[in-house]
$ cat query_13.txt   # compact mmCIF, C-alpha atoms (C1' of nucleotides)
# COMPACT_ATOMS: atom_id res chain seq x y z
CA MET T 410 -22.71 -98.95 88.40
CA ASP T 411 -23.37 -95.95 90.62
CA THR T 412 -21.63 -94.89 93.80
CA ALA T 413 -23.95 -96.81 96.11
CA GLU T 414 -23.33 -100.07 94.27
CA LEU T 415 -19.61 -99.43 94.29
CA ALA T 416 -19.68 -98.72 98.01
CA ARG T 417 -21.50 -101.97 98.59
CA ALA T 418 -18.99 -103.90 96.47
CA ILE T 419 -16.10 -102.34 98.36
CA GLY T 420 -17.77 -103.18 101.64
CA GLU T 421 -18.07 -106.80 100.65
CA ARG T 422 -14.44 -106.94 99.64
CA VAL T 423 -13.39 -105.40 102.95
CA ARG T 424 -15.46 -107.82 104.97
CA ALA T 425 -14.16 -110.78 102.97
CA ALA T 426 -10.55 -109.65 103.37
CA ARG T 427 -11.04 -109.13 107.09
CA ALA T 428 -12.59 -112.58 107.48
CA GLU T 429 -9.76 -114.13 105.48
CA ARG T 430 -7.27 -112.65 107.91
CA GLY T 431 -9.28 -113.66 110.94
CA LEU T 432 -9.52 -110.08 112.19
CA THR T 433 -12.36 -108.70 114.27
CA LEU T 434 -13.83 -105.35 113.49
CA GLY T 435 -12.21 -103.88 116.59
CA ALA T 436 -8.79 -105.27 115.73
CA LEU T 437 -8.93 -103.86 112.22
CA ALA T 438 -10.09 -100.53 113.64
CA ARG T 439 -7.07 -100.42 115.92
CA SER T 440 -4.52 -101.44 113.29
CA SER T 441 -5.90 -99.08 110.66
CA GLY T 442 -6.66 -96.15 112.94
CA ILE T 443 -10.21 -96.00 111.61
CA GLY T 444 -13.16 -95.81 113.97
CA LYS T 445 -15.00 -99.02 114.65
CA GLY T 446 -18.28 -97.37 113.70
CA SER T 447 -16.87 -96.09 110.44
CA LEU T 448 -15.64 -99.57 109.58
CA SER T 449 -18.98 -101.14 110.32
CA GLU T 450 -20.77 -98.73 108.03
CA ILE T 451 -18.14 -99.02 105.31
CA GLU T 452 -18.60 -102.80 105.30
CA HIS T 453 -22.33 -102.26 104.87
CA GLY T 454 -21.80 -99.82 102.04
CA SER T 455 -23.64 -97.08 103.88
CA ARG T 456 -20.73 -94.66 103.92
CA ASN T 457 -18.94 -92.51 101.44
CA PRO T 458 -15.39 -92.84 102.74
CA ASN T 459 -12.72 -90.35 101.79
CA LEU T 460 -9.31 -91.03 100.32
CA SER T 461 -7.36 -91.16 103.57
CA THR T 462 -9.82 -93.61 105.08
CA LEU T 463 -9.70 -95.87 102.03
CA TYR T 464 -5.95 -95.69 101.94
CA ALA T 465 -5.55 -96.56 105.61
CA LEU T 466 -7.98 -99.42 105.19
CA ALA T 467 -6.19 -100.87 102.16
CA GLY T 468 -2.90 -100.56 104.01
CA ALA T 469 -4.13 -102.36 107.11
CA LEU T 470 -5.53 -105.17 104.98
CA ALA T 471 -2.38 -105.28 102.82
CA ILE T 472 -4.48 -104.89 99.68
CA PRO T 473 -3.49 -102.50 96.86
CA LEU T 474 -5.88 -99.57 96.91
CA ALA T 475 -6.63 -100.14 93.24
CA ALA T 476 -7.69 -103.72 93.93
CA LEU T 477 -10.04 -102.56 96.67
CA LEU T 478 -11.74 -100.09 94.32
CA ALA T 479 -11.58 -102.03 91.05
CA GLU T 480 -14.76 -102.11 89.01
CA THR T 481 -13.81 -105.53 87.70
CA ALA T 482 -17.32 -106.48 86.66
CA GLY T 483 -16.81 -105.78 82.99
CA ALA T 484 -13.23 -106.91 82.79
CA GLU T 485 -13.81 -110.32 84.26
CA ILE T 486 -15.42 -113.17 82.37
CA ALA T 487 -16.34 -116.03 84.64
CA ALA T 488 -18.08 -119.26 83.70
CA ASP T 489 -18.17 -122.81 85.03
CA GLY T 490 -14.60 -123.68 85.86
CA ILE T 491 -13.04 -120.84 83.92
CA ARG T 492 -12.14 -117.29 84.77
CA ALA T 493 -10.57 -114.76 82.40
CA ARG T 494 -9.41 -111.44 83.79
CA LEU T 495 -8.33 -108.68 81.43
CA LEU T 496 -4.85 -107.54 82.39
CA ASP T 497 -3.95 -105.21 79.59
CA VAL T 498 -4.85 -103.98 76.12
CA GLU T 499 -2.16 -103.06 73.62
CA GLU T 500 -3.48 -100.94 70.74
CA GLY T 501 -0.95 -101.33 67.99
CA PRO T 502 -1.08 -99.85 64.48
CA ASP T 503 -2.19 -103.10 62.80
CA ALA T 504 -3.90 -104.98 65.60
CA VAL T 505 -5.33 -104.78 69.09
CA VAL T 506 -3.96 -107.30 71.56
CA GLU T 507 -5.86 -108.13 74.73
CA VAL T 508 -3.94 -109.87 77.50
CA TYR T 509 -5.90 -112.05 79.92
CA ARG T 510 -5.03 -114.11 82.92
CA LEU T 511 -6.75 -117.45 82.51
CA ASP T 512 -7.71 -119.66 85.47
CA LEU T 513 -8.84 -123.10 84.41
CA GLU T 514 -10.31 -125.63 86.80
CA GLY T 515 -9.21 -129.23 86.36
CA GLY T 516 -11.01 -131.25 83.70
CA VAL T 517 -13.54 -128.59 82.76
CA GLU T 518 -13.99 -127.96 79.06
CA HIS T 519 -14.44 -124.38 77.87
CA ARG T 520 -15.74 -123.91 74.35
CA SER T 521 -15.79 -120.77 72.27
CA GLY T 522 -17.40 -120.04 68.92
CA ALA T 523 -15.59 -118.64 65.89
CA HIS T 524 -14.25 -115.09 66.16
CA GLY T 525 -13.69 -112.68 63.31
CA PRO T 526 -11.24 -113.49 60.47
CA GLY T 527 -7.60 -113.11 61.40
CA VAL T 528 -8.11 -113.27 65.14
CA VAL T 529 -5.24 -115.16 66.75
CA GLU T 530 -5.23 -116.57 70.26
CA ARG T 531 -2.14 -117.56 72.21
CA VAL T 532 -1.91 -119.36 75.52
CA LEU T 533 1.29 -119.14 77.58
CA VAL T 534 1.03 -121.69 80.38
CA LEU T 535 2.16 -120.50 83.80
CA ARG T 536 1.13 -123.52 85.87
CA GLY T 537 -0.25 -126.95 85.02
CA ARG T 538 -0.95 -128.34 81.54
CA VAL T 539 -3.40 -126.92 79.03
CA THR T 540 -4.89 -128.55 75.95
CA ALA T 541 -6.30 -125.98 73.57
CA GLY T 542 -6.78 -125.02 69.96
CA ARG T 543 -9.14 -125.34 67.02
CA ASP T 544 -11.59 -128.21 67.09
CA GLY T 545 -9.88 -131.29 65.70
CA ALA T 546 -6.42 -129.79 66.08
CA ARG T 547 -5.91 -129.52 69.82
CA ARG T 548 -2.42 -129.46 71.24
CA THR T 549 -1.07 -129.67 74.76
CA ALA T 550 1.39 -127.36 76.50
CA GLY T 551 3.10 -127.55 79.88
CA GLU T 552 4.54 -124.80 82.03
CA GLY T 553 6.31 -122.14 80.00
CA GLU T 554 5.08 -123.47 76.67
CA LEU T 555 3.03 -121.58 74.14
CA LEU T 556 0.00 -122.61 72.10
CA THR T 557 -1.08 -120.58 69.08
CA TRP T 558 -4.07 -120.88 66.79
CA VAL T 559 -6.23 -118.83 64.48
CA SER T 560 -9.61 -118.66 66.14
CA ASP T 561 -11.89 -118.06 63.16
CA VAL T 562 -13.43 -121.47 63.80
CA PRO T 563 -14.84 -122.99 66.99
CA HIS T 564 -12.15 -123.79 69.53
CA GLY T 565 -11.71 -124.61 73.18
CA TYR T 566 -9.49 -124.92 76.25
CA ARG T 567 -9.09 -127.62 78.82
CA ALA T 568 -6.75 -128.06 81.77
CA ASP T 569 -5.35 -131.19 83.31
CA ASP T 570 -7.17 -132.56 86.33
CA ALA T 571 -5.04 -130.38 88.60
CA GLY T 572 -6.14 -127.16 86.92
CA ALA T 573 -3.96 -124.58 85.27
CA VAL T 574 -3.12 -120.90 85.05
CA ALA T 575 -2.11 -119.23 81.81
CA VAL T 576 -1.73 -115.94 80.03
CA LEU T 577 -4.10 -115.67 77.07
CA THR T 578 -3.56 -113.10 74.35
CA VAL T 579 -6.19 -112.34 71.73
CA THR T 580 -4.91 -110.47 68.69
CA THR T 581 -7.58 -108.81 66.57
CA PRO T 582 -6.45 -107.18 63.32
CA ARG T 583 -7.63 -103.63 62.70
CA ALA T 584 -10.52 -103.40 60.29
CA MET U 1123 3.72 -93.14 100.50
CA ASP U 1124 1.25 -91.42 102.82
CA THR U 1125 -2.14 -89.96 102.05
CA ALA U 1126 -0.83 -86.50 101.22
CA GLU U 1127 1.57 -87.88 98.64
CA LEU U 1128 -1.14 -90.03 97.16
CA ALA U 1129 -3.50 -87.06 96.96
CA ARG U 1130 -0.81 -85.09 95.17
CA ALA U 1131 -0.20 -87.94 92.72
CA ILE U 1132 -3.91 -88.25 92.02
CA GLY U 1133 -4.15 -84.52 91.50
CA GLU U 1134 -1.37 -84.64 88.94
CA ARG U 1135 -3.07 -87.48 87.10
CA VAL U 1136 -6.36 -85.58 87.05
CA ARG U 1137 -4.76 -82.43 85.75
CA ALA U 1138 -2.86 -84.36 83.08
CA ALA U 1139 -5.99 -86.20 81.98
CA ARG U 1140 -7.95 -82.97 81.85
CA ALA U 1141 -5.25 -81.29 79.77
CA GLU U 1142 -5.10 -84.29 77.44
CA ARG U 1143 -8.81 -83.90 76.77
CA GLY U 1144 -8.58 -80.14 76.36
CA LEU U 1145 -11.08 -79.51 79.12
CA THR U 1146 -11.16 -76.43 81.31
CA LEU U 1147 -11.71 -76.73 85.00
CA GLY U 1148 -15.20 -75.33 84.63
CA ALA U 1149 -16.13 -77.73 81.86
CA LEU U 1150 -14.96 -80.71 83.87
CA ALA U 1151 -16.85 -79.39 86.86
CA ARG U 1152 -20.05 -79.24 84.84
CA SER U 1153 -19.67 -82.68 83.24
CA SER U 1154 -18.73 -84.39 86.48
CA GLY U 1155 -21.12 -82.52 88.76
CA ILE U 1156 -18.24 -81.63 91.07
CA GLY U 1157 -17.75 -78.07 92.28
CA LYS U 1158 -15.13 -76.03 90.50
CA GLY U 1159 -13.50 -75.19 93.81
CA SER U 1160 -13.38 -78.83 94.84
CA LEU U 1161 -11.75 -79.74 91.55
CA SER U 1162 -9.14 -77.04 91.88
CA GLU U 1163 -8.13 -78.26 95.31
CA ILE U 1164 -8.20 -81.91 94.27
CA GLU U 1165 -5.77 -81.12 91.46
CA HIS U 1166 -3.48 -79.46 93.98
CA GLY U 1167 -3.69 -82.42 96.31
CA SER U 1168 -5.04 -80.26 99.13
CA ARG U 1169 -8.26 -82.23 99.52
CA ASN U 1170 -9.25 -85.60 100.85
CA PRO U 1171 -12.00 -86.46 98.39
CA ASN U 1172 -14.57 -89.10 99.20
CA LEU U 1173 -15.58 -92.11 97.17
CA SER U 1174 -18.48 -90.53 95.30
CA THR U 1175 -16.36 -87.55 94.28
CA LEU U 1176 -13.54 -89.78 93.05
CA TYR U 1177 -15.98 -91.99 91.21
CA ALA U 1178 -17.71 -89.08 89.48
CA LEU U 1179 -14.33 -87.65 88.54
CA ALA U 1180 -13.03 -90.90 87.07
CA GLY U 1181 -16.27 -91.28 85.15
CA ALA U 1182 -16.13 -87.79 83.66
CA LEU U 1183 -12.53 -88.36 82.58
CA ALA U 1184 -13.32 -91.87 81.30
CA ILE U 1185 -10.54 -93.32 83.43
CA PRO U 1186 -11.00 -96.50 85.45
CA LEU U 1187 -11.16 -95.57 89.11
CA ALA U 1188 -8.42 -98.07 89.86
CA ALA U 1189 -6.10 -96.37 87.37
CA LEU U 1190 -6.74 -93.00 88.97
CA LEU U 1191 -5.80 -94.31 92.40
CA ALA U 1192 -3.08 -96.79 91.48
CA GLU U 1193 0.05 -96.63 93.58
CA THR U 1194 2.07 -97.63 90.56
CA ALA U 1195 5.37 -96.58 92.08
CA GLY U 1196 6.30 -100.06 93.24
CA ALA U 1197 4.64 -101.94 90.42
CA GLU U 1198 6.18 -99.98 87.60
CA ILE U 1199 9.83 -100.17 86.71
CA ALA U 1200 10.83 -97.45 84.30
CA ALA U 1201 14.29 -96.78 82.94
CA ASP U 1202 15.71 -95.23 79.77
CA GLY U 1203 13.64 -96.62 76.94
CA ILE U 1204 12.05 -99.42 78.92
CA ARG U 1205 8.96 -99.69 81.02
CA ALA U 1206 7.78 -102.80 82.85
CA ARG U 1207 4.36 -102.76 84.46
CA LEU U 1208 3.34 -105.59 86.76
CA LEU U 1209 0.06 -107.04 85.51
CA ASP U 1210 -0.38 -110.06 87.70
CA VAL U 1211 1.26 -112.42 90.16
CA GLU U 1212 0.45 -116.12 90.17
CA GLU U 1213 1.49 -117.85 93.39
CA GLY U 1214 1.70 -121.51 92.51
CA PRO U 1215 2.73 -124.37 94.78
CA ASP U 1216 6.23 -124.68 93.30
CA ALA U 1217 6.90 -121.23 91.92
CA VAL U 1218 5.78 -117.63 91.82
CA VAL U 1219 5.15 -116.18 88.37
CA GLU U 1220 5.10 -112.44 87.83
CA VAL U 1221 3.50 -111.21 84.61
CA TYR U 1222 4.68 -107.87 83.22
CA ARG U 1223 3.79 -105.77 80.26
CA LEU U 1224 7.03 -104.68 78.65
CA ASP U 1225 7.34 -101.52 76.55
CA LEU U 1226 10.65 -101.27 74.73
CA GLU U 1227 11.76 -98.21 72.83
CA GLY U 1228 13.51 -98.80 69.53
CA GLY U 1229 17.20 -99.60 69.65
CA VAL U 1230 17.62 -99.15 73.39
CA GLU U 1231 19.50 -101.90 75.21
CA HIS U 1232 18.26 -102.97 78.63
CA ARG U 1233 20.63 -105.04 80.72
CA SER U 1234 19.89 -107.02 83.84
CA GLY U 1235 22.20 -108.81 86.25
CA ALA U 1236 21.90 -112.44 87.27
CA HIS U 1237 18.85 -113.43 89.27
CA GLY U 1238 18.57 -116.31 91.73
CA PRO U 1239 19.12 -119.92 90.61
CA GLY U 1240 16.23 -121.43 88.69
CA VAL U 1241 14.63 -118.11 87.74
CA VAL U 1242 13.19 -118.35 84.22
CA GLU U 1243 12.14 -115.40 82.08
CA ARG U 1244 9.84 -115.61 79.07
CA VAL U 1245 9.02 -112.90 76.55
CA LEU U 1246 5.89 -113.22 74.42
CA VAL U 1247 6.07 -110.53 71.74
CA LEU U 1248 2.85 -108.63 71.08
CA ARG U 1249 4.18 -106.03 68.65
CA GLY U 1250 7.52 -105.50 66.89
CA ARG U 1251 10.61 -107.67 67.19
CA VAL U 1252 12.56 -108.38 70.36
CA THR U 1253 16.08 -109.74 70.76
CA ALA U 1254 16.66 -111.07 74.24
CA GLY U 1255 18.31 -113.76 76.31
CA ARG U 1256 21.46 -114.64 78.19
CA ASP U 1257 24.60 -112.79 77.22
CA GLY U 1258 26.17 -114.56 74.27
CA ALA U 1259 23.00 -116.51 73.47
CA ARG U 1260 20.56 -113.87 72.33
CA ARG U 1261 17.66 -114.84 70.09
CA THR U 1262 15.10 -112.82 68.18
CA ALA U 1263 11.32 -113.19 68.18
CA GLY U 1264 8.61 -111.50 66.12
CA GLU U 1265 4.96 -110.98 66.91
CA GLY U 1266 3.40 -113.96 68.65
CA GLU U 1267 6.71 -115.70 69.23
CA LEU U 1268 8.15 -116.71 72.55
CA LEU U 1269 11.67 -116.39 73.95
CA THR U 1270 12.70 -118.35 77.03
CA TRP U 1271 15.90 -118.36 79.05
CA VAL U 1272 17.19 -119.14 82.52
CA SER U 1273 18.22 -115.81 84.00
CA ASP U 1274 20.80 -116.89 86.55
CA VAL U 1275 23.41 -115.09 84.48
CA PRO U 1276 23.47 -111.53 83.11
CA HIS U 1277 20.98 -111.03 80.31
CA GLY U 1278 19.26 -108.30 78.34
CA TYR U 1279 16.48 -107.16 76.02
CA ARG U 1280 16.49 -105.04 72.91
CA ALA U 1281 13.77 -104.06 70.45
CA ASP U 1282 13.99 -103.33 66.76
CA ASP U 1283 14.26 -99.69 65.79
CA ALA U 1284 10.48 -99.40 65.71
CA GLY U 1285 10.11 -100.43 69.33
CA ALA U 1286 8.15 -103.35 70.71
CA VAL U 1287 5.56 -104.44 73.23
CA ALA U 1288 5.69 -107.81 74.95
CA VAL U 1289 4.46 -109.82 77.87
CA LEU U 1290 7.29 -110.79 80.19
CA THR U 1291 6.89 -113.56 82.76
CA VAL U 1292 9.40 -114.15 85.52
CA THR U 1293 9.14 -117.54 87.20
CA THR U 1294 10.87 -117.81 90.56
CA PRO U 1295 10.96 -121.25 92.21
CA ARG U 1296 9.86 -121.47 95.82
CA ALA U 1297 12.75 -121.70 98.26
C1' DC P 450 -27.79 -116.72 137.20
C1' DA P 451 -24.46 -112.78 137.43
C1' DC P 452 -20.50 -111.21 135.50
C1' DG P 453 -16.79 -109.84 132.37
C1' DA P 454 -14.91 -109.86 127.83
C1' DG P 455 -15.74 -110.03 123.56
C1' DT P 456 -18.58 -109.21 119.26
C1' DG P 457 -20.79 -105.65 115.78
C1' DT P 458 -24.29 -101.69 115.45
C1' DT P 459 -26.19 -97.11 116.36
C1' DC P 460 -25.77 -92.49 117.99
C1' DC P 461 -23.45 -87.96 118.50
C1' DA P 462 -20.37 -83.58 118.55
C1' DT P 463 -16.78 -82.04 115.77
C1' DG P 464 -14.35 -80.90 111.92
C1' DA P 465 -13.77 -81.17 107.12
C1' DA P 466 -15.46 -81.87 102.14
C1' DC P 467 -19.00 -80.20 99.51
C1' DG P 468 -21.14 -76.82 95.68
C1' DG P 469 -21.43 -72.29 94.58
C1' DA P 470 -20.40 -67.35 94.85
C1' DA P 471 -16.99 -63.95 94.75
C1' DC P 472 -12.58 -62.75 93.25
C1' DG P 473 -8.27 -61.40 90.58
C1' DG P 474 -6.04 -62.22 86.16
C1' DT P 475 -5.80 -62.58 81.14
C1' DA P 476 -7.25 -62.42 76.37
C1' DG P 477 -10.01 -60.67 72.55
C1' DC P 478 -12.36 -56.87 70.62
C1' DA P 479 -14.47 -52.38 69.42
C1' DT R 1004 -9.36 -48.13 77.42
C1' DG R 1005 -13.56 -49.92 78.60
C1' DC R 1006 -16.20 -54.07 78.10
C1' DT R 1007 -17.16 -58.99 77.95
C1' DA R 1008 -15.95 -63.68 78.54
C1' DC R 1009 -13.60 -67.01 80.49
C1' DC R 1010 -9.78 -68.87 83.18
C1' DG R 1011 -8.39 -70.92 87.87
C1' DT R 1012 -8.21 -69.75 92.97
C1' DT R 1013 -10.08 -68.51 97.37
C1' DC R 1014 -13.67 -68.11 100.44
C1' DC R 1015 -18.08 -69.48 102.88
C1' DG R 1016 -22.40 -71.65 104.71
C1' DT R 1017 -24.25 -76.23 104.58
C1' DT R 1018 -23.91 -80.97 104.64
C1' DC R 1019 -21.91 -85.11 105.90
C1' DA R 1020 -17.89 -88.38 107.22
C1' DT R 1021 -15.29 -88.92 111.21
C1' DG R 1022 -13.72 -91.28 115.89
C1' DG R 1023 -15.43 -92.51 119.98
C1' DA R 1024 -19.05 -93.50 123.36
C1' DA R 1025 -23.05 -95.94 124.35
C1' DC R 1026 -25.52 -99.79 123.23
C1' DA R 1027 -27.49 -104.66 122.54
C1' DC R 1028 -26.03 -109.09 122.05
C1' DT R 1029 -23.41 -113.60 122.59
C1' DC R 1030 -20.26 -116.55 124.82
C1' DG R 1031 -17.50 -118.77 128.43
C1' DT R 1032 -16.94 -119.08 133.44
C1' DG R 1033 -17.69 -119.32 138.35

$ encode --input "query_13.txt" --output "structure tokens"
Amino acid sequence: MDTAELARAIGERVRAARAERGLTLGALARSSGIGKGSLSEIEHGSRNPNLSTLYALAGALAIPLAALLAETAGAEIAADGIRARLLDVEEGPDAVVEVYRLDLEGGVEHRSGAHGPGVVERVLVLRGRVTAGRDGARRTAGEGELLTWVSDVPHGYRADDAGAVAVLTVTTPRA
Amino acid sequence: MDTAELARAIGERVRAARAERGLTLGALARSSGIGKGSLSEIEHGSRNPNLSTLYALAGALAIPLAALLAETAGAEIAADGIRARLLDVEEGPDAVVEVYRLDLEGGVEHRSGAHGPGVVERVLVLRGRVTAGRDGARRTAGEGELLTWVSDVPHGYRADDAGAVAVLTVTTPRA
DNA sequence: CACGAGTGTTCCATGAACGGAACGGTAGCA
DNA sequence: TGCTACCGTTCCGTTCATGGAACACTCGTG
């Protein structure tokens, strides 16, 4: 991703956030103190805004600056009915633990092949009910409950019809 | 926090990252394609760099742009021997769940007063051993284990001597 | 149809961020 | 002590991002 692409991505996020809030370009210009022309070009990605402009913009839209500029492309895995966003990576002496936020649409099955030996997955349910685990040994957890399995064989996740949100941790032992 | 403060904070982060990597200002200038003078002033916070400059800088330092610009002040709670970094907030229909990464130094006790009624805390241990819970009803969990308690009374956390890392979720019911 | 009030885009003079050159300071070395 | 090499800071001419004005366009209204 180069700067032009990033500028375009930021522009899209700004326009989406503005639309979400029902603001016109002029209204956002007034509340942020940024020129209407500047805003227009920022939304099109044809500007190279400086820090104060970005900061004022994020403030007026009530978005964290980091969220406005995130290069989430690589950190976000999205498929039909499932979205996994990397929140954190803990590099311990014996293992690396990745922490994801998992958004599961209702009723959609997500399958995953076998991972390396010793890889353990854990799902801590935040909202809804999740059925997950190794093929043939699925279990179900409700809010606040934890599912654990060794994922060296094919496995999968599924939410109740209402959908679910969970924290997924993937623990990979060091080679 | 205004723009000047943010610029100063970013400058400090840049200088720290550069020192960590053992780079001189000139070397970083060459690898990032940014002028040496610009870099010097950015590190002092006396510049208002634009997007392409920030992006090139983050790239040369191998830091995510979002991390360079994060306004972590509000999202990070740091005290003696404990650090809690907000990873995510899930706003469900019945409750709001905050997800934190918890870093606990060995042997240090962290106490917390009572929260509102119905607030539930959960600790999923990623590394080490954690003893936590309501006063008088502490329990201990090792890697991959989960501790849960209702935090409407004083409670606390403590890691083994080696320290620990965990995911903490705080579930607050909607009023 | 004319008009006013709104939209978002394009244009422009000004001021500031840019890269690079010049500078003072320090360390190593003959 | 003279020389070289490199450090980080300050300065400077050029380039470009800025806010605001001018603009084209779309509605709703009389």

$ interface_residues --input "query_13.txt" --of "chain R" --to "chain T" --cutoff "12 Å" --atoms "only C-alpha atoms (C1' of nucleotides)" --output "PyMOL selection string"
chain R and resi 1019-1025

$ write_last_selection --input "query_13.txt" --atoms "C-alpha atoms (C1' of nucleotides)" --output "short mmCIF file (atom, residue, chain, number, x, y, z; two decimals), in the coordinates of the input"
data_model
loop_
_atom_site.label_atom_id
_atom_site.label_comp_id
_atom_site.auth_asym_id
_atom_site.auth_seq_id
_atom_site.Cartn_x
_atom_site.Cartn_y
_atom_site.Cartn_z
"C1'" DC R 1019 -21.91 -85.11 105.90
"C1'" DA R 1020 -17.89 -88.38 107.22
"C1'" DT R 1021 -15.29 -88.92 111.21
"C1'" DG R 1022 -13.72 -91.28 115.89
"C1'" DG R 1023 -15.43 -92.51 119.98
"C1'" DA R 1024 -19.05 -93.50 123.36
"C1'" DA R 1025 -23.05 -95.94 124.35
#

$ closest_residue --input "query_13.txt" --among "P:DA479, P:DT458, P:DT463, P:DG469" --to "chain U" --atoms "all atoms listed in the file"
P:DG469

$ residues_near_point --input "query_13.txt" --point "(-21.0, -114.8, 125.1)" --cutoff "12 Å" --atoms "all atoms listed in the file" --output "list in words"
DC452, DG453, DA454, DG455 and DT456 of chain P; DC1028, DT1029, DC1030, DG1031 and DT1032 of chain R

$ closest_residue --input "query_13.txt" --among "U:Gly1240, U:Arg1152, U:Ala1178, U:Leu1183" --to "Arg1140 in chain U" --atoms "all atoms listed in the file"
U:Leu1183

$ interface_residues --input "query_13.txt" --of "chain P" --to "chain U" --cutoff "9 Å" --atoms "only C-alpha atoms (C1' of nucleotides)" --output "list in words"
DA465, DA466, DC467, DG468 and DG469 of chain P

$ closest_residue --input "query_13.txt" --among "U:His1166, U:Leu1290, U:Gly1229, U:Arg1280" --to "chain T" --atoms "all atoms listed in the file"
U:Leu1290

$ atom_distance --input "query_13.txt" --atom1 "CA of Pro1276 in chain U" --atom2 "CA of Arg536 in chain T"
25.5 Å

$ interface_residues --input "query_13.txt" --of "chain T" --to "chain U" --cutoff "9 Å" --atoms "all atoms listed in the file" --output "compact mmCIF listing (two decimals) with C-alpha atoms, in the coordinates of the input"
# COMPACT_ATOMS: atom_id res chain seq x y z
CA ASP T 411 -23.37 -95.95 90.62
CA THR T 412 -21.63 -94.89 93.80
CA ALA T 413 -23.95 -96.81 96.11
CA LEU T 415 -19.61 -99.43 94.29
CA ALA T 416 -19.68 -98.72 98.01
CA ARG T 456 -20.73 -94.66 103.92
CA ASN T 457 -18.94 -92.51 101.44
CA PRO T 458 -15.39 -92.84 102.74
CA ASN T 459 -12.72 -90.35 101.79
CA LEU T 460 -9.31 -91.03 100.32
CA SER T 461 -7.36 -91.16 103.57
CA THR T 462 -9.82 -93.61 105.08
CA LEU T 463 -9.70 -95.87 102.03
CA TYR T 464 -5.95 -95.69 101.94
CA ALA T 465 -5.55 -96.56 105.61
CA PRO T 473 -3.49 -102.50 96.86
CA LEU T 474 -5.88 -99.57 96.91
CA ALA T 475 -6.63 -100.14 93.24
CA ALA T 476 -7.69 -103.72 93.93
CA LEU T 477 -10.04 -102.56 96.67
CA LEU T 478 -11.74 -100.09 94.32
CA ALA T 479 -11.58 -102.03 91.05
CA GLU T 480 -14.76 -102.11 89.01
CA LEU T 496 -4.85 -107.54 82.39
CA ASP T 497 -3.95 -105.21 79.59
CA GLU T 499 -2.16 -103.06 73.62
CA GLY T 501 -0.95 -101.33 67.99
CA ALA T 504 -3.90 -104.98 65.60
CA VAL T 506 -3.96 -107.30 71.56
CA VAL T 508 -3.94 -109.87 77.50
CA ARG T 510 -5.03 -114.11 82.92
CA VAL T 529 -5.24 -115.16 66.75
CA ARG T 531 -2.14 -117.56 72.21
CA LEU T 533 1.29 -119.14 77.58
CA LEU T 535 2.16 -120.50 83.80
CA ARG T 536 1.13 -123.52 85.87
CA GLY T 553 6.31 -122.14 80.00
CA GLU T 554 5.08 -123.47 76.67
CA LEU T 555 3.03 -121.58 74.14
CA THR T 557 -1.08 -120.58 69.08
CA VAL T 574 -3.12 -120.90 85.05
CA VAL T 576 -1.73 -115.94 80.03
CA THR T 578 -3.56 -113.10 74.35
CA THR T 580 -4.91 -110.47 68.69

$ residues_near_point --input "query_13.txt" --point "(-5.0, -62.1, 84.5)" --cutoff "12 Å" --atoms "only C-alpha atoms (C1' of nucleotides)" --output "list in words"
DC472, DG473, DG474, DT475 and DA476 of chain P; DC1009, DC1010, DG1011 and DT1012 of chain R

$ atom_distance --input "query_13.txt" --atom1 "CA of His524 in chain T" --atom2 "CA of Ala546 in chain T"
16.7 Å

$ residues_around --input "query_13.txt" --residues "range 1251-1258 of chain U" --least-positions-apart "2" --cutoff "7 Å" --atoms "only C-alpha atoms (C1' of nucleotides)" --output "PyMOL selection string"
chain U and resi 1247+1249+1260-1265+1271+1273+1275-1282+1286

$ atom_distance --input "query_13.txt" --atom1 "C1' of DT1017 in chain R" --atom2 "C1' of DA470 in chain P"
13.7 Å

$ residues_around --input "query_13.txt" --residues "DC478 in chain P" --least-positions-apart "2" --cutoff "12 Å" --atoms "all atoms listed in the file" --output "list in words"
DA476 of chain P; DT1004, DG1005, DC1006, DT1007 and DA1008 of chain R

$ write_last_selection --input "query_13.txt" --atoms "C-alpha atoms (C1' of nucleotides)" --output "PDB file, in the coordinates of the input"
ATOM      1  C1'  DA P 476      -7.250 -62.420  76.370  1.00  0.00           C
TER       2       DA P 476
ATOM      3  C1'  DT R1004      -9.360 -48.130  77.420  1.00  0.00           C
ATOM      4  C1'  DG R1005     -13.560 -49.920  78.600  1.00  0.00           C
ATOM      5  C1'  DC R1006     -16.200 -54.070  78.100  1.00  0.00           C
ATOM      6  C1'  DT R1007     -17.160 -58.990  77.950  1.00  0.00           C
ATOM      7  C1'  DA R1008     -15.950 -63.680  78.540  1.00  0.00           C
TER       8       DA R1008
END

$ axis_aligned_box --input "query_13.txt" --around "range 461-474 of chain P" --padding-each-side "8 Å" --output "AutoDock Vina command-line options"
--center_x -14.7 --center_y -74.7 --center_z 102.4 --size_x 33.4 --size_y 42.6 --size_z 48.4
